[in-house]
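entry36.pdb, holding PDB, C-alpha atoms and all ligand atoms:
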```
ATOM      1  CA  MET A   1       0.000   0.000   0.000
ATOM      2  CA  PRO A   2       1.345   3.444  -0.856
ATOM      3  CA  ARG A   3       2.111   5.862   1.915
ATOM      4  CA  LEU A   4       1.894   9.605   1.944
ATOM      5  CA  LYS A   5       5.312  10.959   2.780
ATOM      6  CA  ARG A   6       4.954  14.434   4.168
ATOM      7  CA  PRO A   7       7.329  16.484   2.013
ATOM      8  CA  ILE A   8       7.109  19.429   4.359
ATOM      9  CA  ALA A   9       8.910  18.814   7.632
ATOM     10  CA  ARG A  10       7.271  19.980  10.809
ATOM     11  CA  PRO A  11       9.979  21.595  12.905
ATOM     12  CA  VAL A  12       8.922  23.025  16.246
ATOM     13  CA  PHE A  13       8.527  26.548  14.896
ATOM     14  CA  SER A  14       7.321  26.103  11.378
ATOM     15  CA  GLY A  15       5.776  29.249   9.870
ATOM     16  CA  PRO A  16       2.109  28.890  10.860
ATOM     17  CA  GLU A  17       3.018  27.646  14.314
ATOM     18  CA  ARG A  18       5.475  30.481  14.950
ATOM     19  CA  ARG A  19       2.900  33.067  13.882
ATOM     20  CA  TYR A  20       0.223  31.472  16.070
ATOM     21  CA  VAL A  21       2.595  31.412  19.075
ATOM     22  CA  ILE A  22       3.396  35.108  18.573
ATOM     23  CA  SER A  23      -0.316  35.992  18.285
ATOM     24  CA  LEU A  24      -1.388  34.048  21.365
ATOM     25  CA  ARG A  25       1.471  35.474  23.421
ATOM     26  CA  LYS A  26      -0.036  38.914  22.791
ATOM     27  CA  VAL A  27      -3.123  37.747  24.655
ATOM     28  CA  ALA A  28      -0.968  36.553  27.551
ATOM     29  CA  ASP A  29       0.842  39.914  27.593
ATOM     30  CA  GLN A  30      -2.478  41.750  27.686
ATOM     31  CA  VAL A  31      -3.608  39.548  30.603
ATOM     32  CA  LEU A  32      -0.435  40.480  32.474
ATOM     33  CA  THR A  33      -0.988  44.201  31.741
ATOM     34  CA  LEU A  34      -4.542  43.954  33.094
ATOM     35  CA  VAL A  35      -3.401  42.112  36.258
ATOM     36  CA  ARG A  36      -0.667  44.705  36.849
ATOM     37  CA  GLY A  37      -3.302  47.427  36.742
ATOM     38  CA  PHE A  38      -4.636  46.183  40.092
ATOM     39  CA  ASP A  39      -3.122  46.171  43.560
ATOM     40  CA  VAL A  40      -3.510  42.454  44.198
ATOM     41  CA  THR A  41      -2.200  42.742  47.768
ATOM     42  CA  ASP A  42      -5.776  43.885  48.459
ATOM     43  CA  PRO A  43      -8.131  40.874  48.066
ATOM     44  CA  GLY A  44     -11.005  43.356  47.642
ATOM     45  CA  VAL A  45      -9.896  44.169  44.071
ATOM     46  CA  VAL A  46     -10.242  40.587  42.870
ATOM     47  CA  PRO A  47     -13.932  40.682  41.829
ATOM     48  CA  ARG A  48     -13.227  43.782  39.697
ATOM     49  CA  LEU A  49     -10.100  42.226  38.180
ATOM     50  CA  ARG A  50     -12.057  39.099  37.385
ATOM     51  CA  ASN A  51     -14.713  41.214  35.699
ATOM     52  CA  VAL A  52     -12.095  43.017  33.598
ATOM     53  CA  LEU A  53     -10.572  39.703  32.452
ATOM     54  CA  GLU A  54     -13.987  38.272  31.586
ATOM     55  CA  LYS A  55     -14.832  41.373  29.547
ATOM     56  CA  TYR A  56     -11.499  41.059  27.764
ATOM     57  CA  ALA A  57     -12.280  37.416  26.872
ATOM     58  CA  LEU A  58     -15.554  38.536  25.311
ATOM     59  CA  ALA A  59     -14.034  41.469  23.422
ATOM     60  CA  LEU A  60     -11.337  39.118  22.134
ATOM     61  CA  GLU A  61     -13.741  36.976  20.133
ATOM     62  CA  PRO A  62     -13.534  38.634  16.661
ATOM     63  CA  TRP A  63      -9.741  38.833  16.896
ATOM     64  CA  ALA A  64      -9.540  35.205  18.058
ATOM     65  CA  GLU A  65     -11.668  34.117  15.133
ATOM     66  CA  ALA A  66      -9.558  36.006  12.574
ATOM     67  CA  THR A  67      -6.272  34.810  14.111
ATOM     68  CA  ALA A  68      -7.356  31.170  14.284
ATOM     69  CA  ALA A  69      -8.813  31.323  10.759
ATOM     70  CA  ARG A  70      -5.459  32.517   9.443
ATOM     71  CA  MET A  71      -3.572  29.684  11.207
ATOM     72  CA  LEU A  72      -6.052  27.114   9.899
ATOM     73  CA  ALA A  73      -5.854  28.466   6.344
ATOM     74  CA  GLU A  74      -2.049  28.219   6.434
ATOM     75  CA  VAL A  75      -2.083  24.686   7.873
ATOM     76  CA  ASN A  76      -4.753  23.625   5.379
ATOM     77  CA  GLN A  77      -2.647  24.975   2.532
ATOM     78  CA  LYS A  78       0.340  22.922   3.741
ATOM     79  CA  ASP A  79      -1.763  19.791   3.992
ATOM     80  CA  ARG A  80      -3.068  20.312   0.459
ATOM     81  CA  GLN A  81       0.509  20.735  -0.795
ATOM     82  CA  SER A  82       1.518  17.460   0.888
ATOM     83  CA  TRP A  83      -1.305  15.641  -0.860
ATOM     84  CA  GLN A  84      -0.488  17.222  -4.226
ATOM     85  CA  VAL A  85       3.016  15.754  -4.047
ATOM     86  CA  LEU A  86       1.637  12.295  -3.344
ATOM     87  CA  THR A  87      -1.236  12.356  -5.792
ATOM     88  CA  ALA A  88       1.028  13.554  -8.600
ATOM     89  CA  GLN A  89       1.907   9.884  -9.093
ATOM     90  CA  MET A  90      -1.652   8.687  -8.692
ATOM     91  CA  SER A  91      -4.804   8.444 -10.744
ATOM     92  CA  ARG A  92      -6.694  11.560 -11.766
ATOM     93  CA  GLN A  93      -9.733  10.112 -10.039
ATOM     94  CA  LEU A  94      -7.970   9.958  -6.677
ATOM     95  CA  ARG A  95      -6.588  13.466  -7.189
ATOM     96  CA  ASN A  96     -10.088  14.772  -7.779
ATOM     97  CA  GLU A  97     -11.404  12.938  -4.763
ATOM     98  CA  ILE A  98      -8.758  14.492  -2.522
ATOM     99  CA  ASP A  99      -9.611  17.942  -3.878
ATOM    100  CA  GLN A 100     -13.250  17.341  -3.075
ATOM    101  CA  ALA A 101     -12.707  15.993   0.451
ATOM    102  CA  PRO A 102     -15.297  17.587   2.730
ATOM    103  CA  THR A 103     -12.914  19.535   4.955
ATOM    104  CA  GLY A 104     -15.363  22.414   5.519
ATOM    105  CA  GLN A 105     -16.968  20.884   8.603
ATOM    106  CA  THR A 106     -13.552  19.849   9.969
ATOM    107  CA  LEU A 107     -12.297  23.417   9.580
ATOM    108  CA  ARG A 108     -15.410  24.903  11.164
ATOM    109  CA  SER A 109     -15.065  22.621  14.205
ATOM    110  CA  LEU A 110     -11.366  23.436  14.519
ATOM    111  CA  LEU A 111     -12.135  27.165  14.297
ATOM    112  CA  ALA A 112     -14.791  27.030  17.021
ATOM    113  CA  GLU A 113     -12.386  25.095  19.264
ATOM    114  CA  GLN A 114      -9.608  27.638  18.675
ATOM    115  CA  VAL A 115     -11.844  30.571  19.618
ATOM    116  CA  GLN A 116     -12.783  28.841  22.888
ATOM    117  CA  LEU A 117      -9.133  28.043  23.644
ATOM    118  CA  ILE A 118      -7.995  31.629  23.000
ATOM    119  CA  LYS A 119     -10.799  33.007  25.179
ATOM    120  CA  SER A 120      -9.812  30.498  27.880
ATOM    121  CA  LEU A 121      -6.510  32.364  28.365
ATOM    122  CA  PRO A 122      -7.995  35.387  30.230
ATOM    123  CA  LEU A 123     -10.792  33.243  31.719
ATOM    124  CA  GLU A 124      -8.364  30.731  33.232
ATOM    125  CA  ALA A 125      -6.224  33.605  34.507
ATOM    126  CA  ALA A 126      -9.321  35.050  36.215
ATOM    127  CA  GLN A 127     -10.143  31.670  37.738
ATOM    128  CA  ARG A 128      -6.564  31.168  38.894
ATOM    129  CA  ILE A 129      -6.533  34.552  40.660
ATOM    130  CA  GLN A 130      -9.917  33.848  42.219
ATOM    131  CA  ASP A 131      -8.769  30.442  43.532
ATOM    132  CA  LEU A 132      -5.548  31.871  44.952
ATOM    133  CA  THR A 133      -7.491  34.652  46.686
ATOM    134  CA  VAL A 134      -9.863  32.197  48.340
ATOM    135  CA  GLU A 135      -6.838  30.192  49.493
ATOM    136  CA  ARG A 136      -5.223  33.364  50.798
ATOM    137  CA  LEU A 137      -8.264  34.396  52.850
ATOM    138  CA  SER A 138      -8.349  30.999  54.564
ATOM    139  CA  ASP A 139      -4.639  30.869  55.403
ATOM    140  CA  SER A 140      -3.095  34.205  56.389
ATOM    141  CA  ARG A 141       0.394  32.801  56.994
ATOM    142  CA  ARG A 142       0.945  32.259  53.302
ATOM    143  CA  SER A 143      -0.351  35.676  52.237
ATOM    144  CA  SER A 144       2.867  37.078  50.705
ATOM    145  CA  GLU A 145       3.572  33.811  48.943
ATOM    146  CA  LEU A 146       0.103  33.822  47.415
ATOM    147  CA  VAL A 147       0.403  37.431  46.259
ATOM    148  CA  ALA A 148       3.588  36.400  44.438
ATOM    149  CA  GLU A 149       1.645  33.483  42.925
ATOM    150  CA  ILE A 150      -1.077  35.877  41.727
ATOM    151  CA  MET A 151       1.572  38.034  40.062
ATOM    152  CA  ARG A 152       2.901  34.923  38.332
ATOM    153  CA  THR A 153      -0.421  34.687  36.446
ATOM    154  CA  GLY A 154       1.096  36.459  33.412
ATOM    155  CA  GLU A 155       3.867  33.872  33.138
ATOM    156  CA  VAL A 156       1.453  30.958  33.626
ATOM    157  CA  THR A 157      -0.811  32.407  30.911
ATOM    158  CA  ARG A 158       2.147  32.840  28.582
ATOM    159  CA  ASN A 159       3.164  29.186  29.012
ATOM    160  CA  ARG A 160      -0.404  28.137  28.379
ATOM    161  CA  ALA A 161      -0.509  30.308  25.227
ATOM    162  CA  ASN A 162       2.654  28.573  23.953
ATOM    163  CA  THR A 163       1.220  25.123  24.617
ATOM    164  CA  ILE A 164      -2.085  25.950  22.928
ATOM    165  CA  ALA A 165      -0.390  27.417  19.846
ATOM    166  CA  ARG A 166       2.032  24.488  19.421
ATOM    167  CA  THR A 167      -0.497  21.772  20.162
ATOM    168  CA  GLU A 168      -3.278  23.239  18.059
ATOM    169  CA  THR A 169      -1.222  23.967  14.931
ATOM    170  CA  SER A 170      -0.017  20.382  14.893
ATOM    171  CA  ARG A 171      -3.434  18.982  15.809
ATOM    172  CA  ALA A 172      -5.096  20.953  12.988
ATOM    173  CA  ALA A 173      -2.602  19.497  10.498
ATOM    174  CA  SER A 174      -3.191  15.990  11.843
ATOM    175  CA  VAL A 175      -7.004  16.318  11.767
ATOM    176  CA  LEU A 176      -6.990  17.704   8.200
ATOM    177  CA  THR A 177      -4.668  14.933   6.995
ATOM    178  CA  GLN A 178      -7.035  12.409   8.591
ATOM    179  CA  ALA A 179     -10.119  13.971   6.957
ATOM    180  CA  ARG A 180      -8.545  13.809   3.485
ATOM    181  CA  ALA A 181      -7.099  10.319   4.023
ATOM    182  CA  GLN A 182     -10.365   8.843   5.255
ATOM    183  CA  HIS A 183     -12.230  10.448   2.373
ATOM    184  CA  ILE A 184     -10.264   8.247  -0.048
ATOM    185  CA  GLY A 185     -10.646   5.114   2.039
ATOM    186  CA  SER A 186      -7.495   5.186   4.170
ATOM    187  CA  GLU A 187      -7.865   3.025   7.275
ATOM    188  CA  GLY A 188      -4.805   4.226   9.088
ATOM    189  CA  TYR A 189      -1.364   5.749   9.078
ATOM    190  CA  ILE A 190       2.248   5.244  10.073
ATOM    191  CA  TRP A 191       3.169   7.199  13.210
ATOM    192  CA  ARG A 192       6.164   9.441  12.565
ATOM    193  CA  THR A 193       8.067  11.392  15.209
ATOM    194  CA  ALA A 194      10.307  14.445  14.799
ATOM    195  CA  GLU A 195      13.161  11.945  15.453
ATOM    196  CA  ASP A 196      15.134  14.178  17.785
ATOM    197  CA  SER A 197      16.073  13.966  21.462
ATOM    198  CA  ASP A 198      12.973  15.928  22.538
ATOM    199  CA  VAL A 199      10.573  13.150  21.496
ATOM    200  CA  ARG A 200       9.066  11.647  24.649
ATOM    201  CA  PRO A 201       9.666   7.880  25.142
ATOM    202  CA  SER A 202       5.985   6.920  24.713
ATOM    203  CA  HIS A 203       5.888   8.645  21.315
ATOM    204  CA  ARG A 204       9.298   7.283  20.286
ATOM    205  CA  ARG A 205       7.920   3.788  20.801
ATOM    206  CA  MET A 206       5.124   4.634  18.321
ATOM    207  CA  ASN A 207       7.548   5.684  15.572
ATOM    208  CA  GLY A 208       7.004   3.558  12.470
ATOM    209  CA  ARG A 209       3.925   1.782  13.825
ATOM    210  CA  PHE A 210       0.651   1.449  11.918
ATOM    211  CA  VAL A 211      -2.311   3.091  13.699
ATOM    212  CA  ARG A 212      -5.951   2.830  12.645
ATOM    213  CA  TRP A 213      -7.817   6.156  12.365
ATOM    214  CA  ASP A 214     -10.672   4.670  14.381
ATOM    215  CA  GLN A 215      -8.331   3.533  17.160
ATOM    216  CA  PRO A 216      -6.301   6.486  18.469
ATOM    217  CA  PRO A 217      -3.758   5.141  20.961
ATOM    218  CA  LYS A 218      -3.638   6.003  24.649
ATOM    219  CA  LEU A 219      -0.201   7.356  25.551
ATOM    220  CA  ASP A 220       0.703   8.709  29.004
ATOM    221  CA  ASN A 221      -3.021   8.608  29.835
ATOM    222  CA  LEU A 222      -3.986  10.802  26.866
ATOM    223  CA  THR A 223      -5.807   9.463  23.832
ATOM    224  CA  GLY A 224      -5.001  10.891  20.425
ATOM    225  CA  HIS A 225      -3.397  10.476  17.034
ATOM    226  CA  ALA A 226       0.109  11.517  15.998
ATOM    227  CA  GLY A 227       0.392  15.295  16.238
ATOM    228  CA  ALA A 228      -2.897  15.696  18.071
ATOM    229  CA  LEU A 229      -1.596  15.355  21.643
ATOM    230  CA  PRO A 230      -0.360  18.236  23.855
ATOM    231  CA  ASN A 231       2.988  19.608  22.616
ATOM    232  CA  CYS A 232       3.252  16.691  20.177
ATOM    233  CA  ARG A 233       5.359  17.255  17.059
ATOM    234  CA  CYS A 234       4.693  13.816  15.578
ATOM    235  CA  TYR A 235       2.647  13.473  12.381
ATOM    236  CA  PRO A 236       0.604  10.815  10.617
ATOM    237  CA  GLU A 237       1.887   9.375   7.353
ATOM    238  CA  PRO A 238      -1.358   8.092   5.814
ATOM    239  CA  VAL A 239      -1.511   4.644   4.278
ATOM    240  CA  ILE A 240      -3.860   4.883   1.337
ATOM    241  CA  PRO A 241      -5.639   2.139  -0.578
ATOM    242  CA  GLU A 242      -4.108   0.765  -3.746
ATOM    243  CA  THR A 243      -5.884   2.010  -6.860
TER
HETATM  244 ZN    ZN B 301       4.521  13.188  19.592
END
```
Produce structure tokens that represent the structure in this file.
Amino acid sequence: MPRLKRPIARPVFSGPERRYVISLRKVADQVLTLVRGFDVTDPGVVPRLRNVLEKYALALEPWAEATAARMLAEVNQKDRQSWQVLTAQMSRQLRNEIDQAPTGQTLRSLLAEQVQLIKSLPLEAAQRIQDLTVERLSDSRRSSELVAEIMRTGEVTRNRANTIARTETSRAASVLTQARAQHIGSEGYIWRTAEDSDVRPSHRRMNGRFVRWDQPPKLDNLTGHAGALPNCRCYPEPVIPET
């Protein structure tokens, strides 16, 4: 059975991913700016700060949609290019089928998920501050420590923004590859890793293995396909039916 070799490597900071990381970091920076605008040594300011962060999440929606749509368009373009290389040696019929794969619904779902994830950045920051404040009120001895933890919210949000951007760019690519592969009758793929020292052992063990699309493996207690797990840089190399 022929396999789709991905001609475009997926280094950690490929173009779309790097741009998505930069965009989402801006949200984290804005969260930090908003938190810094309040004197968090006074627990009384927390409800107002929470309100400001929730309003920011809401106002963010159109920007989140445009930013995520751009990332998805770029990733989709790369996936199409990968398929064009493969289908160049295949029948016209299969080429047409790939072109007509119903990726619209896949892209719409991915977009809605991205908007929620981007909005979750200020919302999770608000929740984190709220939780720390409750903790602080019940245990006065740790007050200064908890204030420092509240101030660390910007950094925590930034790390979360990085993880979302990396994970989601790769996951979008993986999901789109799957949609096109399954459309032409592919039952599974070969798991490929980035083949460097950063690949975690559980993913390294998957390298070169055949995985069915309908049976995503469970690795380190998370279920998902190559490239669709948190911070995963692996990718699926579809196995497609002989024509
Ligand atoms: Zn991986």
Neighbours of Leu34 in chain A within 12 Å (all atoms listed in the file; same-chain residues fewer than 6 positions away dropped), as a PyMOL selection string?
chain A and resi 27-28+40+46+48-57+122+125-126+151+153-154
Using only C-alpha atoms and all ligand atoms, what does the table of chain A residues within 10 Å of ligand ZN 301 (chain B) look like, with each row giving the shortest atom pair and its distance in Å to one decimal, sorted by chain and ascending number, as a tab-separated table?
```
residue	atom	partner	partner_atom	distance
A:Thr167	CA	B:ZN301	ZN	10.0
A:Ser170	CA	B:ZN301	ZN	9.7
A:Trp191	CA	B:ZN301	ZN	8.9
A:Arg192	CA	B:ZN301	ZN	8.1
A:Thr193	CA	B:ZN301	ZN	5.9
A:Ala194	CA	B:ZN301	ZN	7.6
A:Glu195	CA	B:ZN301	ZN	9.7
A:Asp198	CA	B:ZN301	ZN	9.4
A:Val199	CA	B:ZN301	ZN	6.3
A:Arg200	CA	B:ZN301	ZN	7.0
A:Pro201	CA	B:ZN301	ZN	9.2
A:Ser202	CA	B:ZN301	ZN	8.2
A:His203	CA	B:ZN301	ZN	5.0
A:Arg204	CA	B:ZN301	ZN	7.6
A:Met206	CA	B:ZN301	ZN	8.7
A:Asn207	CA	B:ZN301	ZN	9.0
A:Leu219	CA	B:ZN301	ZN	9.6
A:Gly224	CA	B:ZN301	ZN	9.8
A:His225	CA	B:ZN301	ZN	8.8
A:Ala226	CA	B:ZN301	ZN	5.9
A:Gly227	CA	B:ZN301	ZN	5.7
A:Ala228	CA	B:ZN301	ZN	8.0
A:Leu229	CA	B:ZN301	ZN	6.8
A:Pro230	CA	B:ZN301	ZN	8.2
A:Asn231	CA	B:ZN301	ZN	7.3
A:Cys232	CA	B:ZN301	ZN	3.8
A:Arg233	CA	B:ZN301	ZN	4.9
A:Cys234	CA	B:ZN301	ZN	4.1
A:Tyr235	CA	B:ZN301	ZN	7.5
```
Range 169-204 of chain A near range 70-92 of chain A within 9 Å: what's each residue's closest atom pair and its distance in Å to one decimal, counting all atoms listed in the file, ordered by chain then ascending residue number, as a tab-separated table?
```
residue	atom	partner	partner_atom	distance
A:Thr169	CA	A:Val75	CA	7.1
A:Ser170	CA	A:Val75	CA	8.5
A:Ala172	CA	A:Leu72	CA	7.0
A:Ala173	CA	A:Val75	CA	5.8
A:Ser174	CA	A:Asp79	CA	8.8
A:Leu176	CA	A:Asn76	CA	6.9
A:Thr177	CA	A:Asp79	CA	6.4
A:Arg180	CA	A:Trp83	CA	8.6
```
Considering only C-alpha atoms, state which residue in the set A:Arg108, A:Arg158, A:Arg166, A:Arg209 is at the smallest distance from Arg18 in chain A.
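The shortest atom-to-atom distance to Arg18 in chain A comes from A:Arg166.
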Box dimensions and centre (Å, one decimal) enclosing range 67-77 of chain A, axis-aligned, 6 Å extra per side, as AutoDock Vina command-line options:
```
--center_x -5.4 --center_y 29.2 --center_z 8.4 --size_x 18.8 --size_y 23.2 --size_z 23.8
```
Could you tell me how far CA of Gly208 in chain A sits from CA of Pro238 in chain A, in Å to one decimal place?
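Taking CA of Pro238 in chain A as the start and CA of Gly208 in chain A as the end point, the length is 11.6 Å.
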Would you please work out which residue, of A:Pro16, A:Pro236, A:Gly37, A:Gly44, is nearest to Thr133 in chain A when using only C-alpha atoms?
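For Thr133 in chain A, the nearest of the given residues is A:Gly44.
Neighbouring residues of Val21 in chain A at 8 Å or closer, counting only C-alpha atoms and skipping chain neighbours under 5 positions away, are Ala161, Asn162, Ala165 and Arg166 of chain A.
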Could you work out how far CA of Pro216 in chain A lies from CA of Leu121 in chain A, giving the answer in Å with one decimal?
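Distance between the two atoms: 27.7 Å.
Take CA of Ile98 in chain A and CA of Ile184 in chain A: the distance between them is 6.9 Å.
Residue nearest Leu24 in chain A within the list A:Glu237, A:Glu168, A:Glu242, A:Asp214: A:Glu168 [criterion: smallest interatomic distance, only C-alpha atoms].
Closest approach to Gly104 in chain A among A:Asp39, A:Ala179, A:Asp196, A:Arg171 is made by A:Ala179 (distances from all atoms listed in the file).
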Considering all atoms listed in the file, return as a list of chain:residue names whatever protein or nucleic-acid residues lie within 8 Å of Arg128 in chain A, sequence-local ones (same chain, fewer than 4 positions apart) excluded.
A:Glu124, A:Leu132, A:Ile150, A:Thr153
The PyMOL selection byres (((chain A and resi 183) around 12) and not hetatm) resolved against shown file, as a ChimeraX atom specification:
/A:94-103,176-182,184-188,213,238,240-241
Picked residues, the PyMOL selection byres (((chain A and resi 210) around 6) and not hetatm), expected as a ChimeraX atom specification
/A:189-190,209,211
